[in-house]
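structure_21.txt (compact mmCIF, C-alpha atoms) appears below.
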```txt
# COMPACT_ATOMS: atom_id res chain seq x y z
CA MET A 1 0.00 0.00 0.00
CA ALA A 2 2.82 2.37 0.93
CA GLU A 3 4.43 1.66 -2.46
CA PHE A 4 1.20 2.51 -4.25
CA ILE A 5 0.88 5.83 -2.38
CA ASP A 6 4.51 6.52 -3.28
CA LEU A 7 3.83 5.88 -6.98
CA VAL A 8 0.79 8.19 -7.06
CA LEU A 9 2.36 11.02 -5.06
CA LEU A 10 5.57 11.04 -7.08
CA ALA A 11 3.57 11.10 -10.32
CA MET A 12 1.56 14.07 -9.02
CA LEU A 13 4.82 15.80 -8.10
CA ALA A 14 6.19 15.27 -11.61
CA LEU A 15 2.97 16.68 -13.13
CA THR A 16 3.15 19.76 -10.88
CA ALA A 17 6.76 20.38 -11.91
CA LEU A 18 5.82 19.97 -15.58
CA ARG A 19 3.02 22.52 -15.24
CA ILE A 20 5.34 25.02 -13.53
CA ILE A 21 7.65 24.92 -16.58
CA PHE A 22 4.96 26.10 -18.98
CA LEU A 23 3.07 28.64 -16.86
CA LYS A 24 3.80 32.30 -17.50
CA ASP A 25 1.65 33.63 -14.66
CA LEU A 26 4.08 33.79 -11.74
CA PHE A 27 1.34 33.99 -9.13
CA ALA A 28 0.12 30.58 -10.31
CA VAL A 29 3.73 29.34 -10.40
CA VAL A 30 4.24 30.29 -6.75
CA MET A 31 0.94 28.69 -5.73
CA LEU A 32 1.85 25.50 -7.61
CA PHE A 33 5.20 25.55 -5.88
CA GLY A 34 3.35 25.58 -2.54
CA ILE A 35 1.41 22.51 -3.69
CA TYR A 36 4.70 20.96 -4.81
CA SER A 37 6.11 21.46 -1.30
CA PHE A 38 3.04 19.93 0.34
CA LEU A 39 3.22 16.92 -1.98
CA SER A 40 6.89 16.43 -1.21
CA ALA A 41 6.10 16.68 2.52
CA LEU A 42 3.59 13.85 2.04
CA ILE A 43 6.20 11.78 0.22
CA PHE A 44 8.72 12.37 3.01
CA LEU A 45 6.07 11.20 5.49
CA ASN A 46 5.47 8.11 3.39
CA LEU A 47 9.21 7.40 3.36
CA ASP A 48 9.32 7.51 7.20
CA ALA A 49 11.04 10.90 7.39
CA VAL A 50 8.56 12.49 9.79
CA ASP A 51 10.85 15.30 10.96
CA VAL A 52 11.71 16.23 7.38
CA ALA A 53 8.04 16.22 6.36
CA PHE A 54 7.30 18.56 9.25
CA THR A 55 10.04 20.96 8.19
CA GLU A 56 9.13 20.88 4.50
CA ALA A 57 5.45 21.58 5.24
CA SER A 58 6.22 24.58 7.45
CA VAL A 59 9.18 25.98 5.49
CA GLY A 60 8.52 25.07 1.85
CA ALA A 61 4.78 25.53 1.80
CA GLY A 62 4.68 28.27 4.42
CA ILE A 63 7.57 30.71 4.65
CA SER A 64 9.02 30.42 1.13
CA THR A 65 5.59 30.85 -0.49
CA VAL A 66 5.02 34.02 1.54
CA LEU A 67 8.47 35.37 0.64
CA MET A 68 7.96 34.67 -3.07
CA LEU A 69 4.53 36.34 -3.03
CA VAL A 70 5.98 39.46 -1.38
CA THR A 71 8.70 39.52 -4.05
CA LEU A 72 6.07 39.21 -6.79
CA ALA A 73 4.25 42.18 -5.28
CA MET A 74 7.35 44.24 -6.09
CA THR A 75 8.45 42.69 -9.38
CA GLY A 76 5.18 41.98 -11.20
CA ARG A 77 3.33 38.73 -11.81
CA LYS A 78 3.76 38.07 -15.54
CA GLU A 79 6.76 36.45 -17.12
CA LYS A 80 7.52 37.99 -20.51
CA GLN A 81 8.08 35.87 -23.58
CA SER A 82 11.65 34.69 -23.88
CA THR A 83 13.58 35.76 -26.97
CA HIS A 84 16.10 32.96 -27.15
CA SER A 85 15.23 29.49 -28.37
CA THR A 86 14.34 26.70 -25.97
CA LEU A 87 16.04 24.00 -28.04
CA LEU A 88 19.51 24.28 -26.52
CA PRO A 89 18.29 24.10 -22.88
CA LEU A 90 16.06 21.16 -23.80
CA PHE A 91 19.00 19.37 -25.41
CA VAL A 92 21.25 19.96 -22.38
CA VAL A 93 18.54 18.75 -20.02
CA LEU A 94 17.79 15.61 -22.06
CA VAL A 95 21.46 14.64 -22.29
CA THR A 96 22.08 15.23 -18.58
CA GLY A 97 18.87 13.40 -17.66
CA ALA A 98 19.79 10.40 -19.82
CA ALA A 99 23.23 10.23 -18.20
CA LEU A 100 21.69 10.36 -14.72
CA ILE A 101 19.09 7.67 -15.53
CA TYR A 102 21.93 5.50 -16.82
CA GLY A 103 23.73 6.18 -13.53
CA THR A 104 20.74 5.13 -11.41
CA LEU A 105 20.87 1.63 -12.93
CA ASP A 106 24.06 1.05 -10.94
CA MET A 107 22.35 2.07 -7.70
CA PRO A 108 21.15 -0.58 -5.26
CA PRO A 109 17.38 -1.20 -5.42
CA PHE A 110 15.15 1.18 -3.50
CA GLY A 111 14.36 0.29 0.12
CA HIS A 112 16.51 -2.82 0.48
CA PRO A 113 17.80 -3.23 4.08
CA ASP A 114 21.22 -4.46 2.88
CA ASN A 115 21.99 -1.32 0.86
CA PRO A 116 25.41 0.24 1.56
CA VAL A 117 23.86 3.39 3.11
CA HIS A 118 22.39 1.32 5.92
CA GLN A 119 25.68 -0.40 6.79
CA HIS A 120 28.06 2.26 8.03
CA VAL A 121 27.06 4.55 10.90
CA ALA A 122 23.28 4.09 10.76
CA PRO A 123 23.15 0.83 12.79
CA ARG A 124 25.12 2.49 15.54
CA TYR A 125 22.75 5.47 15.64
CA ILE A 126 19.74 3.17 15.66
CA GLU A 127 21.00 0.71 18.26
CA GLU A 128 23.11 2.87 20.58
CA SER A 129 21.53 6.33 20.56
CA PRO A 130 18.48 5.46 22.71
CA LYS A 131 20.92 4.18 25.36
CA GLU A 132 23.78 6.69 24.93
CA VAL A 133 21.72 9.84 24.53
CA GLY A 134 18.55 8.59 26.16
CA LEU A 135 16.08 10.05 23.65
CA PRO A 136 13.54 8.03 21.66
CA ASN A 137 13.75 10.30 18.60
CA MET A 138 16.99 9.26 16.87
CA VAL A 139 16.84 12.20 14.49
CA THR A 140 17.08 14.61 17.42
CA SER A 141 19.92 12.56 18.95
CA VAL A 142 21.92 12.64 15.73
CA LEU A 143 21.09 16.28 14.98
CA ALA A 144 21.87 17.71 18.39
CA SER A 145 24.41 15.30 19.84
CA TYR A 146 26.39 13.19 17.36
CA ARG A 147 26.39 15.87 14.68
CA GLY A 148 26.19 18.91 16.92
CA PHE A 149 29.04 20.61 15.00
CA ASP A 150 27.09 20.40 11.74
CA THR A 151 24.01 21.86 13.33
CA LEU A 152 26.00 24.72 14.85
CA GLY A 153 27.42 25.44 11.38
CA GLU A 154 23.95 25.40 9.84
CA THR A 155 22.59 27.74 12.48
CA VAL A 156 25.44 30.11 11.67
CA VAL A 157 24.56 29.89 7.95
CA VAL A 158 20.93 30.80 8.73
CA PHE A 159 22.21 33.69 10.85
CA SER A 160 24.47 34.94 8.06
CA ALA A 161 21.55 34.75 5.62
CA VAL A 162 19.65 37.30 7.67
CA ILE A 163 22.72 39.53 7.68
CA GLY A 164 22.74 39.25 3.88
CA VAL A 165 19.06 40.08 3.53
CA LEU A 166 19.24 42.99 5.95
CA SER A 167 22.26 44.50 4.24
CA LEU A 168 20.51 44.19 0.87
CA LEU A 169 17.07 45.42 1.89
CA GLY A 170 17.10 46.73 5.46
CA VAL A 171 14.03 47.20 7.65
CA ARG A 172 12.46 50.63 7.63
CA ARG A 173 10.34 51.61 10.58
CA LYS A 174 7.47 53.64 9.29
CA LYS A 175 6.87 57.00 10.88
CA ARG A 176 3.54 57.82 9.26
CA LYS A 177 0.65 56.28 11.14
CA ASP A 178 -2.11 57.26 8.68
CA LEU A 179 -1.05 54.75 6.02
CA GLU A 180 -3.50 51.86 5.66
CA SER A 181 -1.49 48.76 6.42
CA GLY A 182 -2.55 45.14 6.63
CA LEU A 183 -6.08 43.83 6.30
CA GLU A 184 -7.54 45.42 9.39
CA SER A 185 -10.83 46.29 7.73
CA HIS A 186 -11.49 42.59 7.09
CA ARG A 187 -13.40 41.82 10.27
CA VAL A 188 -13.64 38.05 9.72
CA LEU A 189 -9.91 37.63 9.10
CA HIS A 190 -9.23 39.78 12.12
CA VAL A 191 -11.32 37.63 14.48
CA VAL A 192 -10.10 34.31 13.05
CA ALA A 193 -6.45 35.38 13.24
CA LYS A 194 -6.82 36.40 16.86
CA ILE A 195 -8.14 32.94 17.70
CA ILE A 196 -5.51 31.08 15.66
CA ILE A 197 -2.34 32.97 16.63
CA PRO A 198 -2.17 31.92 20.31
CA LEU A 199 -2.83 28.32 19.33
CA VAL A 200 -0.04 28.41 16.75
CA ILE A 201 2.40 29.79 19.33
CA LEU A 202 1.34 27.12 21.82
CA PHE A 203 1.90 24.50 19.14
CA ALA A 204 5.35 25.95 18.41
CA LEU A 205 6.28 25.63 22.08
CA TYR A 206 5.04 22.03 22.09
CA VAL A 207 7.11 21.23 18.98
CA GLN A 208 10.15 22.89 20.57
CA PHE A 209 10.06 20.97 23.83
CA HIS A 210 8.57 17.69 22.62
CA GLY A 211 11.10 17.30 19.80
CA ASP A 212 13.14 14.83 21.87
CA PHE A 213 10.26 12.36 22.02
CA GLY A 214 8.33 12.89 18.78
CA PRO A 215 8.89 14.65 15.49
CA GLY A 216 9.91 18.26 15.91
CA GLY A 217 12.68 20.37 17.38
CA GLY A 218 14.17 23.82 17.24
CA PHE A 219 14.17 24.26 13.46
CA GLN A 220 10.48 23.45 13.06
CA ALA A 221 9.39 25.30 16.18
CA GLY A 222 11.24 28.45 15.13
CA VAL A 223 9.56 28.46 11.73
CA ILE A 224 6.08 27.79 13.18
CA ALA A 225 6.43 30.58 15.75
CA ALA A 226 7.62 32.95 13.02
CA ALA A 227 4.58 31.96 10.94
CA ALA A 228 2.28 33.03 13.79
CA PHE A 229 3.87 36.49 13.87
CA ILE A 230 3.82 36.73 10.07
CA LEU A 231 0.07 36.08 10.18
CA TYR A 232 -0.24 38.84 12.78
CA ALA A 233 1.75 41.24 10.59
CA LEU A 234 -0.29 40.37 7.50
CA VAL A 235 -3.64 40.94 9.22
CA LEU A 236 -2.86 43.91 11.45
CA GLY A 237 -0.09 45.56 9.46
CA LEU A 238 3.67 45.87 9.94
CA PRO A 239 3.65 48.87 12.33
CA LYS A 240 1.59 46.94 14.88
CA ALA A 241 3.81 43.86 14.49
CA PHE A 242 6.87 46.06 15.05
CA ALA A 243 5.27 47.22 18.31
CA VAL A 244 5.02 43.57 19.48
CA VAL A 245 8.46 42.32 18.37
CA GLY A 246 10.61 45.02 16.83
CA PRO A 247 13.25 44.37 14.15
CA ARG A 248 16.01 45.64 16.44
CA PHE A 249 15.06 43.13 19.12
CA LEU A 250 14.93 40.31 16.53
CA GLN A 251 18.45 41.11 15.36
CA TRP A 252 19.61 40.68 18.93
CA MET A 253 17.61 37.46 19.30
CA ALA A 254 19.16 35.93 16.17
CA ALA A 255 22.63 36.49 17.61
CA VAL A 256 21.63 35.33 21.11
CA GLY A 257 20.46 31.95 19.77
CA VAL A 258 23.80 31.25 18.05
CA LEU A 259 25.71 32.41 21.12
CA LEU A 260 23.59 30.20 23.39
CA TYR A 261 24.45 27.22 21.20
CA ALA A 262 28.17 28.01 21.09
CA SER A 263 28.32 28.77 24.82
CA VAL A 264 27.11 25.22 25.60
CA GLY A 265 30.16 24.03 23.65
CA LEU A 266 32.49 26.38 25.50
CA TYR A 267 30.99 25.47 28.87
CA SER A 268 31.55 21.77 28.22
CA MET A 269 35.18 22.64 27.40
CA TYR A 270 35.38 24.58 30.66
CA ARG A 271 34.12 21.48 32.47
CA GLY A 272 37.02 19.51 31.03
CA GLY A 273 35.46 17.87 27.96
CA HIS A 274 35.57 18.51 24.24
CA PHE A 275 33.58 21.24 22.46
CA LEU A 276 29.85 20.30 22.61
CA ASP A 277 30.55 17.23 24.77
CA TYR A 278 27.30 17.27 26.74
CA ASN A 279 28.37 14.39 28.98
CA GLN A 280 30.30 16.97 31.02
CA LEU A 281 27.27 19.13 31.77
CA ALA A 282 26.02 16.99 34.66
CA ALA A 283 27.33 14.24 36.91
CA ASP A 284 25.22 11.68 35.04
CA PRO A 285 26.14 11.57 31.31
CA ILE A 286 22.55 10.90 30.19
CA ALA A 287 21.25 13.87 32.22
CA GLY A 288 24.10 15.95 30.72
CA GLN A 289 22.99 14.95 27.22
CA HIS A 290 19.42 15.99 28.08
CA TYR A 291 20.45 19.44 29.35
CA GLY A 292 22.76 20.00 26.39
CA ILE A 293 20.14 19.04 23.81
CA ILE A 294 17.39 21.14 25.41
CA ILE A 295 19.62 24.23 25.53
CA ILE A 296 21.03 23.97 22.01
CA GLU A 297 17.58 23.20 20.54
CA LEU A 298 16.39 26.35 22.30
CA GLY A 299 19.27 28.27 20.73
CA VAL A 300 18.37 26.89 17.29
CA GLY A 301 14.69 27.72 17.84
CA ILE A 302 15.43 31.32 18.88
CA THR A 303 17.76 31.94 15.93
CA VAL A 304 15.45 30.38 13.34
CA PHE A 305 12.43 32.28 14.69
CA ALA A 306 14.26 35.61 14.73
CA VAL A 307 15.82 35.09 11.29
CA MET A 308 12.59 34.04 9.55
CA LEU A 309 10.56 36.87 11.06
CA ASN A 310 13.28 39.43 10.36
CA ILE A 311 13.51 38.33 6.72
CA PHE A 312 9.74 38.75 6.42
CA TYR A 313 9.97 42.22 8.00
CA ALA A 314 12.66 43.21 5.50
CA PHE A 315 10.58 42.07 2.50
CA GLY A 316 7.32 43.39 3.92
CA SER A 317 8.59 46.89 4.71
CA GLN A 318 10.23 47.01 1.28
CA ALA A 319 6.92 46.10 -0.41
CA GLU A 320 4.96 48.69 1.56
CA ARG A 321 7.50 51.34 0.63
CA SER A 322 7.23 50.54 -3.07
CA ASN A 323 3.42 50.73 -2.78
CA VAL A 324 3.64 54.21 -1.27
CA GLN A 325 5.85 55.54 -4.07
CA MET B 326 7.47 -4.81 -12.67
CA SER B 327 9.74 -5.19 -9.66
CA PHE B 328 12.56 -3.69 -11.73
CA ILE B 329 10.45 -0.55 -12.23
CA LEU B 330 9.48 -0.41 -8.55
CA ASP B 331 13.15 -0.72 -7.54
CA TYR B 332 14.15 2.36 -9.48
CA TYR B 333 10.92 4.37 -9.80
CA ASN B 334 11.82 6.80 -7.02
CA TYR B 335 15.24 7.55 -8.50
CA TRP B 336 13.81 8.09 -11.98
CA VAL B 337 11.19 10.53 -10.75
CA VAL B 338 13.94 12.33 -8.82
CA VAL B 339 15.98 12.61 -12.03
CA PHE B 340 12.91 13.94 -13.87
CA LEU B 341 12.30 16.57 -11.18
CA MET B 342 15.98 17.55 -11.17
CA MET B 343 15.89 18.05 -14.90
CA ALA B 344 12.61 20.00 -14.68
CA GLY B 345 14.20 22.35 -12.16
CA PHE B 346 17.39 22.58 -14.22
CA TYR B 347 15.38 23.37 -17.37
CA ILE B 348 13.51 26.18 -15.60
CA VAL B 349 16.78 27.65 -14.30
CA ILE B 350 18.45 27.76 -17.72
CA SER B 351 15.46 28.61 -19.90
CA ALA B 352 13.24 30.91 -17.80
CA ASN B 353 13.35 34.59 -18.49
CA ASN B 354 12.12 35.85 -15.17
CA LEU B 355 14.46 35.76 -12.17
CA VAL B 356 11.71 34.80 -9.67
CA LYS B 357 10.86 31.80 -11.84
CA LYS B 358 14.53 30.85 -11.91
CA ILE B 359 14.46 30.78 -8.09
CA VAL B 360 11.39 28.51 -8.21
CA GLY B 361 13.32 26.23 -10.59
CA LEU B 362 16.30 26.18 -8.24
CA ASN B 363 13.98 25.21 -5.38
CA ILE B 364 12.47 22.37 -7.42
CA PHE B 365 15.99 21.11 -8.10
CA GLN B 366 16.82 21.39 -4.42
CA THR B 367 13.70 19.49 -3.32
CA SER B 368 14.49 16.70 -5.78
CA VAL B 369 17.93 16.29 -4.19
CA PHE B 370 16.20 16.07 -0.80
CA MET B 371 13.91 13.40 -2.24
CA LEU B 372 16.93 11.42 -3.46
CA TYR B 373 18.49 11.38 -0.01
CA ILE B 374 15.27 10.47 1.77
CA SER B 375 14.56 7.70 -0.78
CA MET B 376 17.97 6.21 -0.08
CA GLY B 377 17.31 6.27 3.67
CA LYS B 378 14.06 4.30 3.37
CA VAL B 379 14.10 0.67 4.49
CA SER B 380 11.20 -1.46 3.23
CA GLY B 381 9.17 -2.61 6.19
CA GLY B 382 10.92 -0.12 8.44
CA THR B 383 9.30 2.64 10.42
CA ALA B 384 10.09 6.24 11.38
CA PRO B 385 13.29 6.41 13.49
CA ILE B 386 11.61 7.03 16.83
CA ALA B 387 12.32 4.22 19.27
CA VAL B 388 9.22 2.21 20.20
CA GLU B 389 8.90 -1.06 22.10
CA GLY B 390 8.73 -4.08 19.86
CA VAL B 391 10.07 -2.47 16.66
CA THR B 392 13.46 -3.49 15.33
CA GLN B 393 13.47 -2.21 11.75
CA TYR B 394 13.91 1.57 11.44
CA SER B 395 14.63 3.76 8.43
CA ASN B 396 18.05 5.40 8.33
CA PRO B 397 17.98 8.56 10.52
CA LEU B 398 21.13 10.12 9.05
CA PRO B 399 19.66 11.41 5.74
CA HIS B 400 16.72 12.81 7.72
CA VAL B 401 19.05 14.93 9.85
CA LEU B 402 21.03 16.20 6.86
CA ILE B 403 17.92 17.11 4.87
CA LEU B 404 16.02 18.63 7.79
CA THR B 405 18.71 21.25 8.32
CA ALA B 406 19.24 21.64 4.55
CA ILE B 407 15.59 22.68 4.13
CA VAL B 408 15.93 25.52 6.64
CA VAL B 409 19.27 26.61 5.19
CA GLY B 410 17.64 26.41 1.74
CA VAL B 411 14.88 28.86 2.61
CA ALA B 412 17.44 31.21 4.15
CA THR B 413 19.51 31.25 0.96
CA THR B 414 16.35 31.57 -1.15
CA ALA B 415 15.53 34.69 0.86
CA VAL B 416 18.95 36.14 0.02
CA GLY B 417 18.31 35.38 -3.67
CA LEU B 418 14.90 37.06 -3.56
CA ALA B 419 16.41 40.08 -1.80
CA LEU B 420 18.95 40.37 -4.63
CA ILE B 421 16.07 40.24 -7.14
CA VAL B 422 14.29 43.07 -5.34
CA ARG B 423 17.46 45.16 -5.54
CA ILE B 424 17.89 44.30 -9.23
CA LYS B 425 14.33 45.44 -9.87
CA ARG B 426 15.05 48.74 -8.17
CA ALA B 427 18.33 49.30 -10.03
CA TYR B 428 17.33 48.12 -13.52
CA GLY B 429 13.54 48.47 -13.43
CA THR B 430 13.09 44.91 -14.65
CA VAL B 431 13.64 41.31 -13.59
CA GLU B 432 13.45 39.86 -17.11
CA GLU B 433 16.80 38.53 -18.24
CA ASN B 434 16.52 39.71 -21.86
CA GLU B 435 15.84 43.31 -20.82
CA PHE B 436 19.10 43.83 -18.96
CA ASP B 437 21.04 44.55 -22.16
CA ASN B 438 22.42 48.07 -22.45
CA LYS B 439 21.14 49.02 -19.03
CA ASP B 440 24.48 48.86 -17.28
CA ASP B 441 25.26 52.49 -18.15
CA VAL B 442 22.01 53.64 -16.51
CA ILE B 443 23.36 53.16 -13.01
```
Go through the file and emit its structure as structure tokens.
Amino acid sequence: MAEFIDLVLLAMLALTALRIIFLKDLFAVVMLFGIYSFLSALIFLNLDAVDVAFTEASVGAGISTVLMLVTLAMTGRKEKQSTHSTLLPLFVVLVTGAALIYGTLDMPPFGHPDNPVHQHVAPRYIEESPKEVGLPNMVTSVLASYRGFDTLGETVVVFSAVIGVLSLLGVRRKKRKDLESGLESHRVLHVVAKIIIPLVILFALYVQFHGDFGPGGGFQAGVIAAAAFILYALVLGLPKAFAVVGPRFLQWMAAVGVLLYASVGLYSMYRGGHFLDYNQLAADPIAGQHYGIIIIELGVGITVFAVMLNIFYAFGSQAERSNVQ
Amino acid sequence: MSFILDYYNYWVVVFLMMAGFYIVISANNLVKKIVGLNIFQTSVFMLYISMGKVSGGTAPIAVEGVTQYSNPLPHVLILTAIVVGVATTAVGLALIVRIKRAYGTVEENEFDNKDDVI
């Protein structure tokens, strides 16, 4: 049954991608891309990657769709007809695709338990991590403990992305209060948003602190919390959102998250271990692992939340400015 | 039939990769190029997750009585890659917004002879 679902979902994904190629209306392209992300989240779920599905649904279908729509608001929604021929790109793509298909024939069959990928470190993670780290969710164990260096690096990349966006666009605080901003006149949206937003934030907190036991963790929680504030900004307007969490404060928060993560590493060095060796954090190694993972996941959550929301602020204030002009 | 089932996931991944690649090299509009790049990126994610799947396995969250789990390592790599991906996409979109402001267009074939404007 799972194979059948896989066949259907992948076919739908291919059709969506094919449609995106030929559409000239970019609004429809962005919407289809949201569908594409949701479909791929379903496929990830079907392939047992629950944490990845969670992330793809909140990031791909949520945040990136919003960012692309804000960009379209500034750049226009129609793609103009291309002047150069499409034959050369088609040729390049067909040749590359044929070479890759030929390459896949040498790959081991899909899903076989004896495949080389399942032989090296994976058995150790699966068998030892519930005992060594003491968490049921192996993805969290690997993410936060065994590969803590990687995750620190990725958090730093996310942090540097916000520096890039802010230096390119910047966030302007609006002085003029009279400008109509957001969808405040839409009474229904207003009421519904006010009911939904607290629930979304509660859910984000659950995802943050329950990530050790079920799917979830700092990355997902940060994005979900940012989505709640983005909804607030969309309905009530940017000036009111700035009054709740200002861009200045978010810039600080983004840095604080990374520093919190790195300071756990430094503290474990101070206690006589290696960088990010959580066993040193408490007398009992398993308890140490727990403290370490909770703190660094919190650091990740804070940074991701602050970065996503700040990026939205940068795009949103830019779009409002171009509407005024 | 089993030959097709063994490789179906990889072939669809190759198709999606090529669809994304085609959009990147043939599209005129920069926003659409970013969409193409994202399709390419998601197909790479799909490749990794497909390789991590074990038939008859379950999600890698320890439960009593289950011995067969899918490989957690690709999940970790792709989970963080998705968040990093949206962050870099945001930088790309920010560049497009600046290009629009400087050149007045985001269509690739309209950039010609506009360099002296700035």
Which residues are near region 191-201 of chain A? Cut-off 6 Å, all atoms listed in the file, ignore same chain within fewer than 3 positions. Put them as a tab-separated table (two decimals) with C-alpha atoms, in the frame of the given file.
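Wrote it out as selection39.tsv, contents follow:
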```tsv
chain	number	residue	atom	x	y	z
A	188	VAL	CA	-13.64	38.05	9.72
A	204	ALA	CA	5.35	25.95	18.41
A	225	ALA	CA	6.43	30.58	15.75
A	228	ALA	CA	2.28	33.03	13.79
```
Which residues of chain B have any atom within 7 Å of an atom in chain A when counting only C-alpha atoms, and what is the closest pair of atoms for each, with the distance in Å to one decimal? Order the rows by chain and rising number and write it as JSON lines.
```
{"residue": "B:Asp331", "atom": "CA", "partner": "A:Pro109", "partner_atom": "CA", "distance": 4.8}
{"residue": "B:Tyr332", "atom": "CA", "partner": "A:Phe110", "partner_atom": "CA", "distance": 6.2}
{"residue": "B:Tyr335", "atom": "CA", "partner": "A:Thr104", "partner_atom": "CA", "distance": 6.7}
{"residue": "B:Trp336", "atom": "CA", "partner": "A:Ile101", "partner_atom": "CA", "distance": 6.4}
{"residue": "B:Val337", "atom": "CA", "partner": "A:Leu10", "partner_atom": "CA", "distance": 6.7}
{"residue": "B:Val339", "atom": "CA", "partner": "A:Gly97", "partner_atom": "CA", "distance": 6.4}
{"residue": "B:Leu341", "atom": "CA", "partner": "A:Ala14", "partner_atom": "CA", "distance": 6.3}
{"residue": "B:Met343", "atom": "CA", "partner": "A:Val93", "partner_atom": "CA", "distance": 5.8}
{"residue": "B:Ala344", "atom": "CA", "partner": "A:Ala17", "partner_atom": "CA", "distance": 6.5}
{"residue": "B:Tyr347", "atom": "CA", "partner": "A:Val93", "partner_atom": "CA", "distance": 6.2}
{"residue": "B:Ile348", "atom": "CA", "partner": "A:Ile21", "partner_atom": "CA", "distance": 6.1}
{"residue": "B:Ile350", "atom": "CA", "partner": "A:Pro89", "partner_atom": "CA", "distance": 6.3}
{"residue": "B:Ser351", "atom": "CA", "partner": "A:Pro89", "partner_atom": "CA", "distance": 6.1}
{"residue": "B:Asn353", "atom": "CA", "partner": "A:Ser82", "partner_atom": "CA", "distance": 5.7}
{"residue": "B:Asn354", "atom": "CA", "partner": "A:Glu79", "partner_atom": "CA", "distance": 5.7}
{"residue": "B:Ile374", "atom": "CA", "partner": "A:Phe44", "partner_atom": "CA", "distance": 6.9}
{"residue": "B:Ser375", "atom": "CA", "partner": "A:Leu47", "partner_atom": "CA", "distance": 6.8}
{"residue": "B:Met376", "atom": "CA", "partner": "A:Phe110", "partner_atom": "CA", "distance": 6.7}
{"residue": "B:Lys378", "atom": "CA", "partner": "A:Gly111", "partner_atom": "CA", "distance": 5.2}
{"residue": "B:Val379", "atom": "CA", "partner": "A:Gly111", "partner_atom": "CA", "distance": 4.4}
{"residue": "B:Ser380", "atom": "CA", "partner": "A:Gly111", "partner_atom": "CA", "distance": 4.8}
{"residue": "B:Thr383", "atom": "CA", "partner": "A:Asp48", "partner_atom": "CA", "distance": 5.8}
{"residue": "B:Ala384", "atom": "CA", "partner": "A:Asp48", "partner_atom": "CA", "distance": 4.4}
{"residue": "B:Pro385", "atom": "CA", "partner": "A:Met138", "partner_atom": "CA", "distance": 5.8}
{"residue": "B:Ile386", "atom": "CA", "partner": "A:Asn137", "partner_atom": "CA", "distance": 4.3}
{"residue": "B:Ala387", "atom": "CA", "partner": "A:Pro136", "partner_atom": "CA", "distance": 4.7}
{"residue": "B:Ser395", "atom": "CA", "partner": "A:Asp48", "partner_atom": "CA", "distance": 6.6}
{"residue": "B:Asn396", "atom": "CA", "partner": "A:Ala122", "partner_atom": "CA", "distance": 5.9}
{"residue": "B:Pro397", "atom": "CA", "partner": "A:Val139", "partner_atom": "CA", "distance": 5.5}
{"residue": "B:Leu398", "atom": "CA", "partner": "A:Ala122", "partner_atom": "CA", "distance": 6.6}
{"residue": "B:His400", "atom": "CA", "partner": "A:Ala49", "partner_atom": "CA", "distance": 6.0}
{"residue": "B:Val401", "atom": "CA", "partner": "A:Leu143", "partner_atom": "CA", "distance": 5.7}
{"residue": "B:Ile403", "atom": "CA", "partner": "A:Val52", "partner_atom": "CA", "distance": 6.8}
{"residue": "B:Leu404", "atom": "CA", "partner": "A:Val52", "partner_atom": "CA", "distance": 5.0}
{"residue": "B:Thr405", "atom": "CA", "partner": "A:Glu154", "partner_atom": "CA", "distance": 6.9}
{"residue": "B:Ile407", "atom": "CA", "partner": "A:Glu56", "partner_atom": "CA", "distance": 6.7}
{"residue": "B:Val408", "atom": "CA", "partner": "A:Val59", "partner_atom": "CA", "distance": 6.9}
{"residue": "B:Val409", "atom": "CA", "partner": "A:Val158", "partner_atom": "CA", "distance": 5.7}
{"residue": "B:Val411", "atom": "CA", "partner": "A:Ser64", "partner_atom": "CA", "distance": 6.2}
{"residue": "B:Ala412", "atom": "CA", "partner": "A:Ala161", "partner_atom": "CA", "distance": 5.6}
{"residue": "B:Thr413", "atom": "CA", "partner": "A:Ala161", "partner_atom": "CA", "distance": 6.2}
{"residue": "B:Ala415", "atom": "CA", "partner": "A:Val165", "partner_atom": "CA", "distance": 7.0}
{"residue": "B:Val416", "atom": "CA", "partner": "A:Val165", "partner_atom": "CA", "distance": 5.3}
{"residue": "B:Leu418", "atom": "CA", "partner": "A:Thr71", "partner_atom": "CA", "distance": 6.7}
{"residue": "B:Ala419", "atom": "CA", "partner": "A:Val165", "partner_atom": "CA", "distance": 6.0}
{"residue": "B:Leu420", "atom": "CA", "partner": "A:Leu168", "partner_atom": "CA", "distance": 6.9}
{"residue": "B:Val422", "atom": "CA", "partner": "A:Thr71", "partner_atom": "CA", "distance": 6.7}
{"residue": "B:Lys425", "atom": "CA", "partner": "A:Thr75", "partner_atom": "CA", "distance": 6.5}
{"residue": "B:Val431", "atom": "CA", "partner": "A:Thr75", "partner_atom": "CA", "distance": 6.8}
```
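The interatomic distance for the pair CA of Phe370 (chain B) and CA of Leu402 (chain B) works out to 9.1 Å.
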Excluding Ala287 (chain A) and residues on its chain fewer than 6 positions from it, collect all residues at most 12 Å away from it, counting all atoms listed in the file, and give them as number ranges by chain. A: 131-135, 278-281, 293-294
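Here CA of Arg426 (chain B) is placed at a distance of 15.9 Å from CA of Val171 (chain A).
For the residues B:Tyr428, B:Ile329, B:Gly410, B:Glu435, ranking by smallest atom-to-atom distance to Val360 (chain B) using all atoms listed in the file places B:Gly410 first.
With distances taken over all atoms listed in the file, B:Ala352 is the one residue among B:Pro399, B:Ala352, B:Val388, B:Gln366 lying closest to Asn434 (chain B).
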Using only C-alpha atoms, which residues sit within 6 Å of Ser268 (chain A) once same-chain residues fewer than 3 positions away are excluded, as a PyMOL selection string? chain A and resi 265+271+273+277+280
